[in-house]
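**Student:** Structure incoming, see below.
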Amino acid sequence: MSATRTLRKILAFFWRDLAIARGYRGALVLEVLEAFFGVATFYYLSRFVDSPQLAAALPNGSNYFAFALVGFAFFDYLSVSISAFESSLEEARHNRTLEALLVTQTPLSVILAGSAVYAFVALALRTCVYLAWGVLFFGFAPRSANWVGAAAILLASVLAFAGLGILSASYQILFKRGNPGKWIVLGVSGLVGGMMYPVSVLPQPLQILARLIPVTYSLEGMRAALLGAAGWRELLPSFLTLLLFAAILIPLSFAVFSWALRRTKVTGTLTHI
């Protein structure tokens, strides 16, 4: 399949999901307001918890508000990565279009990528809203940020997280019920991944656990690029580690997802709700 045809098919998925979302315009307004309340909450929380000891643990002496805002805004990429694939497949199952979609000549990789592209575009816009509220009203000022480095870290993060999302979709295809593994990954990542506090404040065993999950490197890299104005040399360890996670998780997840599809076709449960 040519690159042009692949892009057209992925865009077709995007326009389909956009057309569905346009029917819920009120939800967009509510999301923008929700983002404002979330950013305001972190701002006033930061005024309560700021201290010299905390400042010493933050990148480049930044304040807690900037630290928490970046963590809150970019942790969502893990949440969306884990949920986007299975949500799209579940919707296709309810619409009775899943089987027809999977018997086309479209490669499985294109189907999975297309199923998630709208979710990531919407999340990117939501991230911009979070950061814009912080800049406009609460003094968030990433003036010396390395935006190109941040974009590279974000891309590597999405690739690493996507493998977890496809594994989650595999469970959904097989068992058609809530995935406990997804909530365990999100719970552990939220606890030890550095979303709301530096990993360095954790006990040593939890710091070791933090080094075994990709979100830790994602948030460290994003904060270094946006708050610490880190150059490529400083960002390279996080970037390469995220690519290593992607190199392991994506092939593994595709193999598991392909096996799950074959299993459900054999048992005749692919389109069961």
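Every chain in the structure tokens has a letter given in the order shown (A, B, ...), and although residue numbers restart at 1 in each chain, ligands are simply numbered from 1 in the order shown.
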Which residues, written as a PDB file with all heavy atoms, in the first residue's frame, have at least one atom at most 10 Å from Val199 (chain A), with only C-alpha atoms counted and residues fewer than 3 positions away on the same chain left out?

**Tutor:**
```pdb
ATOM      1  N   ALA A  57      13.945  20.361  44.490  1.00  0.00           N
ATOM      2  CA  ALA A  57      13.704  19.097  43.790  1.00  0.00           C
ATOM      3  C   ALA A  57      13.127  19.297  42.398  1.00  0.00           C
ATOM      4  O   ALA A  57      13.026  18.333  41.634  1.00  0.00           O
ATOM      5  CB  ALA A  57      12.741  18.224  44.615  1.00  0.00           C
ATOM      6  N   LEU A 191       1.010   6.997  40.421  1.00  0.00           N
ATOM      7  CA  LEU A 191       1.643   6.983  41.740  1.00  0.00           C
ATOM      8  C   LEU A 191       3.137   7.268  41.660  1.00  0.00           C
ATOM      9  O   LEU A 191       3.660   8.084  42.426  1.00  0.00           O
ATOM     10  CB  LEU A 191       1.416   5.625  42.410  1.00  0.00           C
ATOM     11  CG  LEU A 191       2.138   5.387  43.743  1.00  0.00           C
ATOM     12  CD1 LEU A 191       1.630   6.356  44.810  1.00  0.00           C
ATOM     13  CD2 LEU A 191       1.966   3.946  44.194  1.00  0.00           C
ATOM     14  N   VAL A 192       3.830   6.595  40.744  1.00  0.00           N
ATOM     15  CA  VAL A 192       5.299   6.667  40.760  1.00  0.00           C
ATOM     16  C   VAL A 192       5.898   7.393  39.557  1.00  0.00           C
ATOM     17  O   VAL A 192       7.104   7.596  39.503  1.00  0.00           O
ATOM     18  CB  VAL A 192       5.915   5.249  40.857  1.00  0.00           C
ATOM     19  CG1 VAL A 192       5.359   4.509  42.047  1.00  0.00           C
ATOM     20  CG2 VAL A 192       5.713   4.457  39.568  1.00  0.00           C
ATOM     21  N   GLY A 193       5.069   7.787  38.579  1.00  0.00           N
ATOM     22  CA  GLY A 193       5.604   8.338  37.339  1.00  0.00           C
ATOM     23  C   GLY A 193       5.996   9.795  37.388  1.00  0.00           C
ATOM     24  O   GLY A 193       6.514  10.331  36.411  1.00  0.00           O
ATOM     25  N   GLY A 194       5.725  10.482  38.506  1.00  0.00           N
ATOM     26  CA  GLY A 194       6.130  11.872  38.633  1.00  0.00           C
ATOM     27  C   GLY A 194       5.115  12.868  38.126  1.00  0.00           C
ATOM     28  O   GLY A 194       5.479  13.995  37.782  1.00  0.00           O
ATOM     29  N   MET A 195       3.846  12.494  38.084  1.00  0.00           N
ATOM     30  CA  MET A 195       2.835  13.426  37.577  1.00  0.00           C
ATOM     31  C   MET A 195       2.673  14.634  38.494  1.00  0.00           C
ATOM     32  O   MET A 195       2.665  15.779  38.037  1.00  0.00           O
ATOM     33  CB  MET A 195       1.481  12.724  37.406  1.00  0.00           C
ATOM     34  CG  MET A 195       0.384  13.679  36.922  1.00  0.00           C
ATOM     35  SD  MET A 195      -1.192  12.892  36.550  1.00  0.00           S
ATOM     36  CE  MET A 195      -1.730  12.346  38.168  1.00  0.00           C
ATOM     37  N   MET A 196       2.566  14.413  39.807  1.00  0.00           N
ATOM     38  CA  MET A 196       2.257  15.492  40.735  1.00  0.00           C
ATOM     39  C   MET A 196       3.406  15.834  41.684  1.00  0.00           C
ATOM     40  O   MET A 196       3.339  16.831  42.395  1.00  0.00           O
ATOM     41  CB  MET A 196       1.020  15.122  41.572  1.00  0.00           C
ATOM     42  CG  MET A 196      -0.241  14.910  40.754  1.00  0.00           C
ATOM     43  SD  MET A 196      -0.743  16.408  39.892  1.00  0.00           S
ATOM     44  CE  MET A 196      -1.124  17.472  41.265  1.00  0.00           C
ATOM     45  N   LEU A 202      10.190   9.813  46.313  1.00  0.00           N
ATOM     46  CA  LEU A 202       9.645   8.493  46.594  1.00  0.00           C
ATOM     47  C   LEU A 202      10.652   7.619  47.324  1.00  0.00           C
ATOM     48  O   LEU A 202      11.869   7.823  47.204  1.00  0.00           O
ATOM     49  CB  LEU A 202       9.241   7.798  45.281  1.00  0.00           C
ATOM     50  CG  LEU A 202       8.117   8.442  44.472  1.00  0.00           C
ATOM     51  CD1 LEU A 202       8.012   7.762  43.109  1.00  0.00           C
ATOM     52  CD2 LEU A 202       6.795   8.366  45.212  1.00  0.00           C
ATOM     53  N   PRO A 203      10.181   6.618  48.058  1.00  0.00           N
ATOM     54  CA  PRO A 203      11.106   5.629  48.637  1.00  0.00           C
ATOM     55  C   PRO A 203      11.878   4.915  47.525  1.00  0.00           C
ATOM     56  O   PRO A 203      11.397   4.813  46.387  1.00  0.00           O
ATOM     57  CB  PRO A 203      10.173   4.662  49.378  1.00  0.00           C
ATOM     58  CG  PRO A 203       8.899   5.422  49.572  1.00  0.00           C
ATOM     59  CD  PRO A 203       8.774   6.367  48.432  1.00  0.00           C
ATOM     60  N   GLN A 204      13.040   4.396  47.863  1.00  0.00           N
ATOM     61  CA  GLN A 204      13.914   3.799  46.853  1.00  0.00           C
ATOM     62  C   GLN A 204      13.235   2.698  46.038  1.00  0.00           C
ATOM     63  O   GLN A 204      13.394   2.661  44.803  1.00  0.00           O
ATOM     64  CB  GLN A 204      15.178   3.247  47.525  1.00  0.00           C
ATOM     65  CG  GLN A 204      16.260   2.809  46.538  1.00  0.00           C
ATOM     66  CD  GLN A 204      16.774   3.969  45.699  1.00  0.00           C
ATOM     67  OE1 GLN A 204      16.808   5.105  46.140  1.00  0.00           O
ATOM     68  NE2 GLN A 204      17.171   3.665  44.464  1.00  0.00           N
ATOM     69  N   LEU A 206      10.140   2.390  45.143  1.00  0.00           N
ATOM     70  CA  LEU A 206       9.228   3.005  44.187  1.00  0.00           C
ATOM     71  C   LEU A 206       9.983   3.781  43.111  1.00  0.00           C
ATOM     72  O   LEU A 206       9.523   3.874  41.965  1.00  0.00           O
ATOM     73  CB  LEU A 206       8.241   3.921  44.909  1.00  0.00           C
ATOM     74  CG  LEU A 206       7.256   3.234  45.845  1.00  0.00           C
ATOM     75  CD1 LEU A 206       6.265   4.236  46.432  1.00  0.00           C
ATOM     76  CD2 LEU A 206       6.504   2.115  45.116  1.00  0.00           C
ATOM     77  N   GLN A 207      11.146   4.322  43.459  1.00  0.00           N
ATOM     78  CA  GLN A 207      11.963   4.972  42.437  1.00  0.00           C
ATOM     79  C   GLN A 207      12.439   3.951  41.406  1.00  0.00           C
ATOM     80  O   GLN A 207      12.493   4.240  40.199  1.00  0.00           O
ATOM     81  CB  GLN A 207      13.165   5.670  43.066  1.00  0.00           C
ATOM     82  CG  GLN A 207      12.811   6.905  43.889  1.00  0.00           C
ATOM     83  CD  GLN A 207      14.039   7.694  44.295  1.00  0.00           C
ATOM     84  OE1 GLN A 207      14.981   7.835  43.524  1.00  0.00           O
ATOM     85  NE2 GLN A 207      14.044   8.213  45.514  1.00  0.00           N
ATOM     86  N   ILE A 208      12.781   2.752  41.860  1.00  0.00           N
ATOM     87  CA  ILE A 208      13.182   1.682  40.933  1.00  0.00           C
ATOM     88  C   ILE A 208      12.009   1.313  40.030  1.00  0.00           C
ATOM     89  O   ILE A 208      12.162   1.149  38.810  1.00  0.00           O
ATOM     90  CB  ILE A 208      13.689   0.463  41.713  1.00  0.00           C
ATOM     91  CG1 ILE A 208      14.978   0.816  42.468  1.00  0.00           C
ATOM     92  CG2 ILE A 208      13.916  -0.728  40.783  1.00  0.00           C
ATOM     93  CD1 ILE A 208      15.454  -0.273  43.412  1.00  0.00           C
ATOM     94  N   ALA A 210       9.562   3.222  39.189  1.00  0.00           N
ATOM     95  CA  ALA A 210       9.334   4.340  38.264  1.00  0.00           C
ATOM     96  C   ALA A 210      10.207   4.212  37.024  1.00  0.00           C
ATOM     97  O   ALA A 210       9.791   4.623  35.923  1.00  0.00           O
ATOM     98  CB  ALA A 210       9.613   5.661  38.980  1.00  0.00           C
ATOM     99  N   ARG A 211      11.404   3.647  37.175  1.00  0.00           N
ATOM    100  CA  ARG A 211      12.315   3.516  36.034  1.00  0.00           C
ATOM    101  C   ARG A 211      11.914   2.393  35.092  1.00  0.00           C
ATOM    102  O   ARG A 211      12.523   2.219  34.032  1.00  0.00           O
ATOM    103  CB  ARG A 211      13.743   3.276  36.547  1.00  0.00           C
ATOM    104  CG  ARG A 211      14.313   4.454  37.307  1.00  0.00           C
ATOM    105  CD  ARG A 211      14.379   5.691  36.438  1.00  0.00           C
ATOM    106  NE  ARG A 211      14.412   6.927  37.218  1.00  0.00           N
ATOM    107  CZ  ARG A 211      14.221   8.134  36.690  1.00  0.00           C
ATOM    108  NH1 ARG A 211      13.969   8.257  35.405  1.00  0.00           N
ATOM    109  NH2 ARG A 211      14.246   9.216  37.441  1.00  0.00           N
ATOM    110  N   THR A 216       7.467   7.897  33.202  1.00  0.00           N
ATOM    111  CA  THR A 216       8.499   8.591  33.980  1.00  0.00           C
ATOM    112  C   THR A 216       9.445   9.360  33.057  1.00  0.00           C
ATOM    113  O   THR A 216       9.738  10.540  33.274  1.00  0.00           O
ATOM    114  CB  THR A 216       9.303   7.582  34.820  1.00  0.00           C
ATOM    115  OG1 THR A 216       8.411   6.835  35.647  1.00  0.00           O
ATOM    116  CG2 THR A 216      10.330   8.287  35.681  1.00  0.00           C
ATOM    117  N   GLU A 220       9.712  13.488  32.605  1.00  0.00           N
ATOM    118  CA  GLU A 220      11.019  14.093  32.858  1.00  0.00           C
ATOM    119  C   GLU A 220      11.521  14.828  31.621  1.00  0.00           C
ATOM    120  O   GLU A 220      12.063  15.944  31.719  1.00  0.00           O
ATOM    121  CB  GLU A 220      12.018  13.012  33.274  1.00  0.00           C
ATOM    122  CG  GLU A 220      11.823  12.518  34.703  1.00  0.00           C
ATOM    123  CD  GLU A 220      12.868  11.501  35.128  1.00  0.00           C
ATOM    124  OE1 GLU A 220      13.642  11.028  34.258  1.00  0.00           O
ATOM    125  OE2 GLU A 220      12.910  11.168  36.321  1.00  0.00           O
TER     126      GLU A 220
END
```

**Student:** Please provide the set of residues having any atom within 9 Å of region 123-132 of chain A, restricted to only C-alpha atoms, with same-chain residues fewer than 3 positions apart removed, written as a PyMOL selection string.

**Tutor:** chain A and resi 31-32+35-36+38-39+69-70+73-74+76-77+80+118-120+135-137+140

**Student:** Residues within 8 Å of Ile173 (chain A), please, as a PyMOL selection string. Count only C-alpha atoms; anything in the same chain fewer than 2 positions from it doesn't count.

**Tutor:** chain A and resi 86+169-171+175-176+260-261+264+270

**Student:** Using only C-alpha atoms, can you tell me which of A:Gly187, A:Pro142, A:Pro180, A:Gly165 comes closest to Leu227 (chain A)?

**Tutor:** A:Pro142

**Student:** Tell me which protein, DNA and RNA residues are within 12 Å of Trp183 (chain A), counting only C-alpha atoms, leaving out same-chain ones fewer than 5 positions away, and put them as a list in words.

**Tutor:**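 After dropping sequence-adjacent residues, the list is Leu78, Ser79, Ile82, Ser83, Leu164, Gly165, Ser168, Gly178, Val188, Ser189, Gly190 and Leu191 of chain A.
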